[in-house]
Structures are given as structure tokens and as C-alpha cells.
>>> print(open('structure-v5.csv').read())   # CSV, N, CA and C atoms
chain,number,residue,atom,x,y,z
A,9,MET,N,11.5,10.5,-12.1
A,9,MET,CA,11.2,10.6,-10.7
A,9,MET,C,12.4,10.0,-9.9
A,10,GLY,N,13.1,10.9,-9.1
A,10,GLY,CA,14.1,10.4,-8.2
A,10,GLY,C,13.5,9.8,-7.0
A,11,LEU,N,13.8,8.5,-6.7
A,11,LEU,CA,13.2,7.9,-5.6
A,11,LEU,C,14.2,7.7,-4.4
A,12,PRO,N,13.8,7.8,-3.2
A,12,PRO,CA,14.6,7.6,-2.1
A,12,PRO,C,15.0,6.1,-2.1
A,13,SER,N,16.1,5.7,-1.4
A,13,SER,CA,16.5,4.3,-1.4
A,13,SER,C,15.6,3.5,-0.6
A,14,GLN,N,15.0,4.1,0.4
A,14,GLN,CA,14.0,3.4,1.2
A,14,GLN,C,12.7,4.2,1.2
A,15,TYR,N,11.6,3.5,0.9
A,15,TYR,CA,10.3,4.2,0.9
A,15,TYR,C,9.2,3.2,1.1
A,16,ILE,N,8.0,3.8,1.4
A,16,ILE,CA,6.8,3.1,1.5
A,16,ILE,C,5.9,3.5,0.3
A,17,LEU,N,5.4,2.5,-0.4
A,17,LEU,CA,4.5,2.8,-1.6
A,17,LEU,C,3.1,2.8,-1.1
A,18,VAL,N,2.4,3.9,-1.3
A,18,VAL,CA,1.0,4.0,-0.9
A,18,VAL,C,0.2,4.2,-2.2
A,19,VAL,N,-0.8,3.3,-2.4
A,19,VAL,CA,-1.6,3.3,-3.5
A,19,VAL,C,-3.0,3.7,-3.0
A,20,GLU,N,-3.3,5.0,-3.0
A,20,GLU,CA,-4.5,5.5,-2.4
A,20,GLU,C,-5.0,6.8,-3.1
A,21,ASP,N,-6.2,6.9,-3.4
A,21,ASP,CA,-6.7,8.0,-4.2
A,21,ASP,C,-7.3,9.1,-3.3
A,22,ASN,N,-7.4,8.9,-2.0
A,22,ASN,CA,-8.0,9.9,-1.1
A,22,ASN,C,-6.8,10.6,-0.3
A,23,PRO,N,-6.6,11.9,-0.7
A,23,PRO,CA,-5.5,12.7,-0.1
A,23,PRO,C,-5.6,12.7,1.5
A,24,ALA,N,-6.8,12.8,2.0
A,24,ALA,CA,-7.0,12.8,3.5
A,24,ALA,C,-6.5,11.5,4.1
A,25,ASP,N,-6.8,10.4,3.4
A,25,ASP,CA,-6.3,9.1,4.0
A,25,ASP,C,-4.8,9.0,3.9
A,26,VAL,N,-4.2,9.6,2.8
A,26,VAL,CA,-2.7,9.6,2.7
A,26,VAL,C,-2.1,10.4,3.8
A,27,SER,N,-2.7,11.5,4.1
A,27,SER,CA,-2.2,12.4,5.2
A,27,SER,C,-2.3,11.7,6.6
A,28,LEU,N,-3.5,11.0,6.8
A,28,LEU,CA,-3.7,10.3,8.0
A,28,LEU,C,-2.7,9.1,8.2
A,29,LEU,N,-2.4,8.5,7.1
A,29,LEU,CA,-1.4,7.4,7.1
A,29,LEU,C,0.0,7.9,7.5
A,30,LYS,N,0.4,9.0,6.9
A,30,LYS,CA,1.7,9.6,7.2
A,30,LYS,C,1.7,9.9,8.7
A,31,GLN,N,0.6,10.5,9.2
A,31,GLN,CA,0.6,10.9,10.6
A,31,GLN,C,0.6,9.6,11.5
A,32,ALA,N,-0.1,8.6,11.1
A,32,ALA,CA,-0.2,7.4,11.9
A,32,ALA,C,1.2,6.7,12.0
A,33,LEU,N,1.9,6.7,10.9
A,33,LEU,CA,3.3,6.1,10.8
A,33,LEU,C,4.2,7.0,11.7
A,34,LEU,N,4.2,8.3,11.5
A,34,LEU,CA,5.1,9.2,12.3
A,34,LEU,C,4.8,9.0,13.8
A,35,GLU,N,3.6,8.9,14.2
A,35,GLU,CA,3.2,8.7,15.6
A,35,GLU,C,3.8,7.4,16.2
A,36,HIS,N,4.1,6.4,15.3
A,36,HIS,CA,4.7,5.2,15.7
A,36,HIS,C,6.2,5.1,15.4
A,37,GLY,N,6.8,6.2,15.1
A,37,GLY,CA,8.3,6.3,14.9
A,37,GLY,C,8.7,5.9,13.5
A,38,VAL,N,7.8,5.8,12.5
A,38,VAL,CA,8.2,5.5,11.2
A,38,VAL,C,8.3,6.8,10.4
A,39,ASP,N,9.5,7.2,10.0
A,39,ASP,CA,9.7,8.4,9.3
A,39,ASP,C,10.3,8.1,7.9
A,40,THR,N,9.8,7.1,7.3
A,40,THR,CA,10.2,6.7,5.9
A,40,THR,C,9.4,7.5,4.9
A,41,GLU,N,10.1,7.9,3.8
A,41,GLU,CA,9.4,8.6,2.8
A,41,GLU,C,8.3,7.8,2.1
A,42,MET,N,7.2,8.5,1.8
A,42,MET,CA,6.1,7.8,1.1
A,42,MET,C,6.1,8.2,-0.4
A,43,VAL,N,5.9,7.2,-1.2
A,43,VAL,CA,5.7,7.4,-2.7
A,43,VAL,C,4.2,7.1,-2.9
A,44,VAL,N,3.5,8.1,-3.4
A,44,VAL,CA,2.0,7.9,-3.5
A,44,VAL,C,1.6,7.8,-5.0
A,45,MET,N,0.8,6.7,-5.2
A,45,MET,CA,0.2,6.6,-6.5
A,45,MET,C,-1.3,6.7,-6.3
A,46,THR,N,-2.0,7.6,-7.1
A,46,THR,CA,-3.4,7.9,-6.8
A,46,THR,C,-4.4,7.1,-7.6
A,47,ASP,N,-3.9,6.2,-8.5
A,47,ASP,CA,-4.9,5.3,-9.1
A,47,ASP,C,-4.1,4.0,-9.5
A,48,GLY,N,-4.9,3.0,-9.8
A,48,GLY,CA,-4.4,1.6,-10.0
A,48,GLY,C,-3.5,1.6,-11.2
A,49,GLU,N,-3.9,2.3,-12.3
A,49,GLU,CA,-3.1,2.3,-13.5
A,49,GLU,C,-1.7,2.8,-13.2
A,50,LYS,N,-1.6,4.0,-12.5
A,50,LYS,CA,-0.3,4.6,-12.2
A,50,LYS,C,0.6,3.6,-11.4
A,51,ALA,N,-0.1,2.9,-10.4
A,51,ALA,CA,0.6,2.0,-9.6
A,51,ALA,C,1.2,0.8,-10.4
A,52,MET,N,0.4,0.3,-11.3
A,52,MET,CA,0.9,-0.8,-12.2
A,52,MET,C,2.0,-0.4,-13.1
A,53,LYS,N,1.9,0.8,-13.6
A,53,LYS,CA,3.0,1.3,-14.5
A,53,LYS,C,4.3,1.6,-13.6
A,54,PHE,N,4.1,2.0,-12.4
A,54,PHE,CA,5.3,2.2,-11.5
A,54,PHE,C,6.0,0.9,-11.2
A,55,VAL,N,5.2,-0.1,-11.0
A,55,VAL,CA,5.7,-1.5,-10.7
A,55,VAL,C,6.5,-1.9,-12.0
A,56,ASP,N,5.9,-1.8,-13.1
A,56,ASP,CA,6.6,-2.2,-14.4
A,56,ASP,C,7.9,-1.4,-14.6
A,57,ARG,N,7.8,-0.1,-14.3
A,57,ARG,CA,9.0,0.8,-14.5
A,57,ARG,C,10.1,0.4,-13.5
A,58,SER,N,9.7,0.0,-12.3
A,58,SER,CA,10.7,-0.3,-11.3
A,58,SER,C,11.4,-1.6,-11.7
A,59,ARG,N,10.7,-2.5,-12.4
A,59,ARG,CA,11.4,-3.7,-12.9
A,59,ARG,C,12.4,-3.4,-14.0
A,60,ALA,N,11.9,-2.5,-14.9
A,60,ALA,CA,12.8,-2.2,-16.1
A,60,ALA,C,14.0,-1.4,-15.6
A,61,GLU,N,13.8,-0.5,-14.6
A,61,GLU,CA,14.9,0.4,-14.2
A,61,GLU,C,15.6,-0.1,-13.0
A,62,THR,N,15.3,-1.3,-12.5
A,62,THR,CA,15.8,-1.9,-11.3
A,62,THR,C,15.8,-0.9,-10.1
A,63,ILE,N,14.6,-0.3,-9.9
A,63,ILE,CA,14.4,0.5,-8.7
A,63,ILE,C,14.2,-0.4,-7.5
A,64,ASN,N,14.8,0.1,-6.4
A,64,ASN,CA,14.6,-0.7,-5.1
A,64,ASN,C,13.1,-0.9,-4.9
A,65,ALA,N,12.8,-2.1,-4.3
A,65,ALA,CA,11.5,-2.4,-3.9
A,65,ALA,C,11.2,-1.6,-2.6
A,66,PRO,N,9.9,-1.2,-2.4
A,66,PRO,CA,9.6,-0.5,-1.2
A,66,PRO,C,9.8,-1.4,0.0
A,67,LYS,N,9.8,-0.7,1.2
A,67,LYS,CA,9.9,-1.5,2.5
A,67,LYS,C,8.5,-2.0,2.8
A,68,LEU,N,7.4,-1.3,2.3
A,68,LEU,CA,6.1,-1.7,2.6
A,68,LEU,C,5.2,-1.1,1.6
A,69,ILE,N,4.1,-1.8,1.2
A,69,ILE,CA,3.1,-1.3,0.3
A,69,ILE,C,1.8,-1.3,1.0
A,70,ILE,N,1.1,-0.1,0.9
A,70,ILE,CA,-0.2,0.1,1.5
A,70,ILE,C,-1.1,0.3,0.3
A,71,LEU,N,-2.1,-0.5,0.2
A,71,LEU,CA,-3.0,-0.5,-1.0
A,71,LEU,C,-4.5,-0.4,-0.7
A,72,ASP,N,-5.1,0.5,-1.3
A,72,ASP,CA,-6.6,0.6,-1.2
A,72,ASP,C,-7.2,-0.3,-2.2
A,73,LEU,N,-8.3,-0.9,-2.0
A,73,LEU,CA,-9.0,-1.7,-3.0
A,73,LEU,C,-9.8,-0.9,-4.0
A,74,ASN,N,-10.4,0.1,-3.5
A,74,ASN,CA,-11.3,0.9,-4.4
A,74,ASN,C,-10.5,2.1,-5.0
A,75,LEU,N,-10.0,1.8,-6.2
A,75,LEU,CA,-9.2,2.8,-6.9
A,75,LEU,C,-9.7,3.1,-8.2
A,76,PRO,N,-9.5,4.4,-8.7
A,76,PRO,CA,-9.8,4.7,-10.1
A,76,PRO,C,-8.9,3.9,-11.1
A,77,LYS,N,-9.4,3.8,-12.3
A,77,LYS,CA,-8.7,3.2,-13.4
A,77,LYS,C,-8.5,1.7,-13.4
A,78,ARG,N,-7.8,1.2,-12.4
A,78,ARG,CA,-7.6,-0.2,-12.1
A,78,ARG,C,-7.9,-0.5,-10.7
A,79,ASN,N,-8.6,-1.5,-10.3
A,79,ASN,CA,-9.0,-1.7,-8.9
A,79,ASN,C,-7.8,-2.3,-8.1
A,80,GLY,N,-7.9,-2.3,-6.8
A,80,GLY,CA,-6.8,-2.8,-6.0
A,80,GLY,C,-6.5,-4.2,-6.1
A,81,ARG,N,-7.5,-5.1,-6.5
A,81,ARG,CA,-7.2,-6.5,-6.7
A,81,ARG,C,-6.3,-6.7,-7.9
A,82,GLU,N,-6.5,-5.9,-8.9
A,82,GLU,CA,-5.7,-6.0,-10.1
A,82,GLU,C,-4.2,-5.6,-9.8
A,83,VAL,N,-4.1,-4.5,-9.0
A,83,VAL,CA,-2.8,-4.0,-8.6
A,83,VAL,C,-2.1,-5.0,-7.7
A,84,LEU,N,-2.8,-5.6,-6.8
A,84,LEU,CA,-2.2,-6.6,-5.9
A,84,LEU,C,-1.7,-7.8,-6.6
A,85,GLU,N,-2.5,-8.3,-7.6
A,85,GLU,CA,-2.1,-9.4,-8.4
A,85,GLU,C,-0.9,-9.0,-9.2
A,86,HIS,N,-0.8,-7.8,-9.8
A,86,HIS,CA,0.3,-7.4,-10.6
A,86,HIS,C,1.6,-7.3,-9.7
A,87,ILE,N,1.4,-6.7,-8.5
A,87,ILE,CA,2.6,-6.6,-7.6
A,87,ILE,C,3.1,-8.0,-7.2
A,88,ARG,N,2.2,-8.9,-6.9
A,88,ARG,CA,2.7,-10.2,-6.5
A,88,ARG,C,3.3,-11.0,-7.6
A,89,ALA,N,3.0,-10.7,-8.8
A,89,ALA,CA,3.6,-11.4,-10.0
A,89,ALA,C,5.1,-10.9,-10.2
A,90,GLN,N,5.5,-9.9,-9.5
A,90,GLN,CA,6.9,-9.4,-9.7
A,90,GLN,C,7.8,-10.1,-8.7
A,91,ASN,N,8.8,-10.9,-9.2
A,91,ASN,CA,9.7,-11.7,-8.3
A,91,ASN,C,10.4,-10.8,-7.3
A,92,ALA,N,10.9,-9.6,-7.8
A,92,ALA,CA,11.7,-8.7,-7.0
A,92,ALA,C,10.9,-8.1,-5.8
A,93,TRP,N,9.6,-8.1,-5.9
A,93,TRP,CA,8.7,-7.6,-4.9
A,93,TRP,C,7.9,-8.6,-4.1
A,94,SER,N,8.2,-9.9,-4.4
A,94,SER,CA,7.4,-10.9,-3.8
A,94,SER,C,7.5,-11.0,-2.2
A,95,GLY,N,8.6,-10.5,-1.7
A,95,GLY,CA,8.8,-10.5,-0.2
A,95,GLY,C,8.4,-9.2,0.5
A,96,VAL,N,7.9,-8.3,-0.3
A,96,VAL,CA,7.6,-7.0,0.3
A,96,VAL,C,6.2,-7.1,1.0
A,97,PRO,N,6.1,-6.8,2.3
A,97,PRO,CA,4.8,-6.8,3.0
A,97,PRO,C,3.9,-5.9,2.3
A,98,LEU,N,2.6,-6.3,2.2
A,98,LEU,CA,1.6,-5.5,1.6
A,98,LEU,C,0.3,-5.5,2.5
A,99,ALA,N,-0.1,-4.3,2.9
A,99,ALA,CA,-1.3,-4.1,3.7
A,99,ALA,C,-2.4,-3.5,2.8
A,100,VAL,N,-3.5,-4.2,2.8
A,100,VAL,CA,-4.7,-3.7,2.1
A,100,VAL,C,-5.3,-2.8,3.2
A,101,LEU,N,-5.6,-1.6,2.8
A,101,LEU,CA,-6.3,-0.6,3.7
A,101,LEU,C,-7.6,-0.2,3.0
A,102,SER,N,-8.7,-0.7,3.5
A,102,SER,CA,-9.9,-0.5,2.7
A,102,SER,C,-11.1,-0.2,3.6
A,103,SER,N,-12.1,0.6,3.1
A,103,SER,CA,-13.3,0.9,3.9
A,103,SER,C,-14.2,-0.3,3.9
A,104,SER,N,-14.0,-1.3,3.1
A,104,SER,CA,-14.8,-2.5,2.9
A,104,SER,C,-14.7,-3.5,4.1
A,105,ALA,N,-15.8,-3.9,4.7
A,105,ALA,CA,-15.8,-4.9,5.7
A,105,ALA,C,-16.2,-6.3,5.1
A,106,ALA,N,-16.4,-6.3,3.8
A,106,ALA,CA,-16.9,-7.6,3.2
A,106,ALA,C,-15.9,-8.7,3.3
A,107,VAL,N,-16.4,-9.9,3.7
A,107,VAL,CA,-15.6,-11.1,3.9
A,107,VAL,C,-14.9,-11.4,2.6
A,108,ARG,N,-15.6,-11.3,1.5
A,108,ARG,CA,-15.1,-11.6,0.2
A,108,ARG,C,-13.8,-10.8,-0.1
A,109,ASP,N,-13.9,-9.5,0.2
A,109,ASP,CA,-12.7,-8.6,0.0
A,109,ASP,C,-11.5,-9.1,0.8
A,110,ARG,N,-11.8,-9.5,2.1
A,110,ARG,CA,-10.7,-10.0,2.9
A,110,ARG,C,-10.1,-11.3,2.4
A,111,GLU,N,-11.0,-12.2,1.9
A,111,GLU,CA,-10.6,-13.4,1.4
A,111,GLU,C,-9.8,-13.3,0.1
A,112,ASP,N,-10.3,-12.4,-0.8
A,112,ASP,CA,-9.6,-12.1,-2.0
A,112,ASP,C,-8.2,-11.5,-1.8
A,113,ALA,N,-8.1,-10.6,-0.8
A,113,ALA,CA,-6.8,-10.0,-0.5
A,113,ALA,C,-5.8,-11.0,0.0
A,114,ALA,N,-6.3,-11.9,0.9
A,114,ALA,CA,-5.4,-13.0,1.4
A,114,ALA,C,-5.0,-13.9,0.3
A,115,ARG,N,-5.9,-14.3,-0.6
A,115,ARG,CA,-5.7,-15.2,-1.7
A,115,ARG,C,-4.7,-14.7,-2.6
A,116,LEU,N,-4.7,-13.3,-2.9
A,116,LEU,CA,-3.8,-12.7,-3.8
A,116,LEU,C,-2.5,-12.3,-3.2
A,117,GLY,N,-2.3,-12.5,-1.9
A,117,GLY,CA,-1.0,-12.3,-1.4
A,117,GLY,C,-0.8,-11.1,-0.4
A,118,ALA,N,-1.9,-10.6,0.0
A,118,ALA,CA,-1.8,-9.5,1.0
A,118,ALA,C,-1.3,-10.0,2.3
A,119,SER,N,-0.4,-9.3,3.0
A,119,SER,CA,0.1,-9.7,4.3
A,119,SER,C,-0.9,-9.4,5.4
A,120,GLN,N,-1.7,-8.4,5.2
A,120,GLN,CA,-2.6,-8.0,6.2
A,120,GLN,C,-3.8,-7.2,5.6
A,121,TYR,N,-5.0,-7.3,6.2
A,121,TYR,CA,-6.1,-6.5,5.7
A,121,TYR,C,-6.6,-5.6,6.9
A,122,ILE,N,-6.6,-4.4,6.6
A,122,ILE,CA,-7.0,-3.4,7.7
A,122,ILE,C,-8.1,-2.6,7.2
A,123,ARG,N,-9.2,-2.6,8.0
A,123,ARG,CA,-10.3,-1.8,7.6
A,123,ARG,C,-10.1,-0.3,8.0
A,124,LYS,N,-10.3,0.6,7.1
A,124,LYS,CA,-10.1,2.0,7.4
A,124,LYS,C,-11.0,2.4,8.6
A,125,PRO,N,-10.4,2.9,9.6
A,125,PRO,CA,-11.1,3.4,10.8
A,125,PRO,C,-11.9,4.7,10.4
A,126,LEU,N,-13.0,4.9,11.2
A,126,LEU,CA,-13.8,6.1,11.0
A,126,LEU,C,-13.3,7.2,12.0
A,127,ASP,N,-12.6,6.8,13.0
A,127,ASP,CA,-12.2,7.7,14.1
A,127,ASP,C,-10.7,8.0,14.0
A,128,LEU,N,-10.3,9.2,14.2
A,128,LEU,CA,-9.0,9.7,14.1
A,128,LEU,C,-8.0,8.9,15.0
A,129,ASP,N,-8.4,8.6,16.2
A,129,ASP,CA,-7.5,7.9,17.2
A,129,ASP,C,-7.3,6.5,16.7
A,130,GLU,N,-8.4,5.8,16.1
A,130,GLU,CA,-8.2,4.5,15.6
A,130,GLU,C,-7.3,4.5,14.3
A,131,PHE,N,-7.4,5.5,13.5
A,131,PHE,CA,-6.6,5.6,12.3
A,131,PHE,C,-5.1,5.7,12.8
A,132,ILE,N,-4.8,6.6,13.8
A,132,ILE,CA,-3.5,6.7,14.3
A,132,ILE,C,-3.0,5.4,14.8
A,133,ALA,N,-3.8,4.6,15.4
A,133,ALA,CA,-3.4,3.3,16.0
A,133,ALA,C,-3.0,2.3,15.0
A,134,ILE,N,-3.5,2.4,13.7
A,134,ILE,CA,-3.1,1.4,12.7
A,134,ILE,C,-1.6,1.6,12.3
A,135,GLY,N,-1.0,2.7,12.7
A,135,GLY,CA,0.4,2.9,12.5
A,135,GLY,C,1.2,1.8,13.1
A,136,SER,N,0.8,1.3,14.2
A,136,SER,CA,1.5,0.2,14.9
A,136,SER,C,1.5,-1.0,14.1
A,137,ALA,N,0.3,-1.4,13.6
A,137,ALA,CA,0.2,-2.6,12.7
A,137,ALA,C,1.0,-2.5,11.5
A,138,LEU,N,1.0,-1.3,10.9
A,138,LEU,CA,1.8,-1.1,9.7
A,138,LEU,C,3.3,-1.2,10.0
A,139,LYS,N,3.7,-0.6,11.1
A,139,LYS,CA,5.1,-0.6,11.5
A,139,LYS,C,5.6,-2.0,11.7
A,140,SER,N,4.8,-2.9,12.2
A,140,SER,CA,5.2,-4.3,12.5
A,140,SER,C,5.4,-5.0,11.2
A,141,LEU,N,4.9,-4.5,10.0
A,141,LEU,CA,5.1,-5.2,8.7
A,141,LEU,C,6.3,-4.8,8.0
A,142,LEU,N,6.9,-3.7,8.4
A,142,LEU,CA,8.1,-3.1,7.7
A,142,LEU,C,9.2,-4.1,7.5
A,143,VAL,N,9.8,-4.1,6.3
A,143,VAL,CA,11.0,-4.9,6.0
A,143,VAL,C,12.2,-4.2,6.7
A,144,GLU,N,12.8,-4.9,7.6
A,144,GLU,CA,14.0,-4.4,8.2
A,144,GLU,C,15.2,-4.6,7.4
A,145,GLU,N,16.1,-3.7,7.3
A,145,GLU,CA,17.3,-3.8,6.5
A,145,GLU,C,18.4,-4.5,7.4
>>> encode(input="structure-v5.csv", output="C-alpha cells")
Amino acid sequence: MGLPSQYILVVEDNPADVSLLKQALLEHGVDTEMVVMTDGEKAMKFVDRSRAETINAPKLIILDLNLPKRNGREVLEHIRAQNAWSGVPLAVLSSSAAVRDREDAARLGASQYIRKPLDLDEFIAIGSALKSLLVEE
């Protein structure tokens, strides 16, 4: 897989949410390519491969907690264990409003926890929060 030099890693199994994320970022002037992993296992393998092949770290990671194969907590822990990715901002984007999920995400190293909005306008508005997390070159 040829990767762009700058990209946002999105770990999300819902194609509609991926599309909304892209739209939300574009609305806020972020036109960085997105690399999408649709389950936790693929994401963890991608992280391992990036270390082995010295692939550039993403500018931002957006991670859902409820993923097939390996859950978002496992993926978050795996990402934060990689020294080369330790400074990459990571936003958990989840439908869960549970306090425990927020606390777990913070404890495991998430930069921000954003609850998935139910309304399109609110979803577009999260593009601003995500843009503020981007690693500037």
C-alpha cells in the first residue's frame, strides 16, 4: 500500500461515519488524505507494519471504540506503546457517553474524546475540534 507522506489514520467500521468525517474535515479546511482501517486487528497490523517499514506517523488518529475483531481500547493501547507514534494526537470518536469509556480513553493516552453526534450539523462541527489537534509540520 503506497501511503501519502501526510495522512490522517481513521479506525472506523462505519462507512457513513468515515464519509461524514471527511466532509467535516473538508468543511474546516483540512484536505489531508485519510487512511481507513475498518477493524481493530487491521489497525494494529498497520501500526506494526509502519514500525517495521518506517512509514511516517499520521498527523492525526481518529479511533472508534466499538470495532470488530479488536476493540478500540486495545488499539489505543497498542498505538501508544509505539515510540514513533507517541506524540501523534489521537481523538476517540465514539457513540458511547459512558464515563468509564471517557476515563479509559484518557488513561490510555487519547488526546480528546468526542461523542459521535446524531445530527449532521453537529457532526460537521467536530471538524473544528479535530483540526485543532492536527500535528503541524
>>> closest_residue(input="structure-v5.csv", among="A:Asp39, A:Asp25, A:Val83, A:Ser102", to="Ala51 in chain A", atoms="all atoms listed in the file")
A:Val83
>>> closest_residue(input="structure-v5.csv", among="A:Arg123, A:His36, A:Lys53, A:Lys67", to="Leu142 in chain A", atoms="all atoms listed in the file")
A:Lys67
>>> closest_residue(input="structure-v5.csv", among="A:Arg108, A:Leu101, A:Lys30, A:Met45", to="Pro125 in chain A", atoms="only N, CA and C atoms")
A:Leu101
>>> residues_around(input="structure-v5.csv", residues="Ala99 in chain A", least_positions_apart="3", cutoff="6 Å", atoms="all atoms listed in the file", output="ChimeraX atom specification")
/A:69-71,118-122
>>> closest_residue(input="structure-v5.csv", among="A:Pro66, A:Pro76, A:Ser13, A:Ala113", to="Pro97 in chain A", atoms="only C-alpha atoms")
A:Pro66
>>> closest_residue(input="structure-v5.csv", among="A:Ile63, A:Val18, A:Arg81, A:Val55", to="Asp112 in chain A", atoms="all atoms listed in the file")
A:Arg81
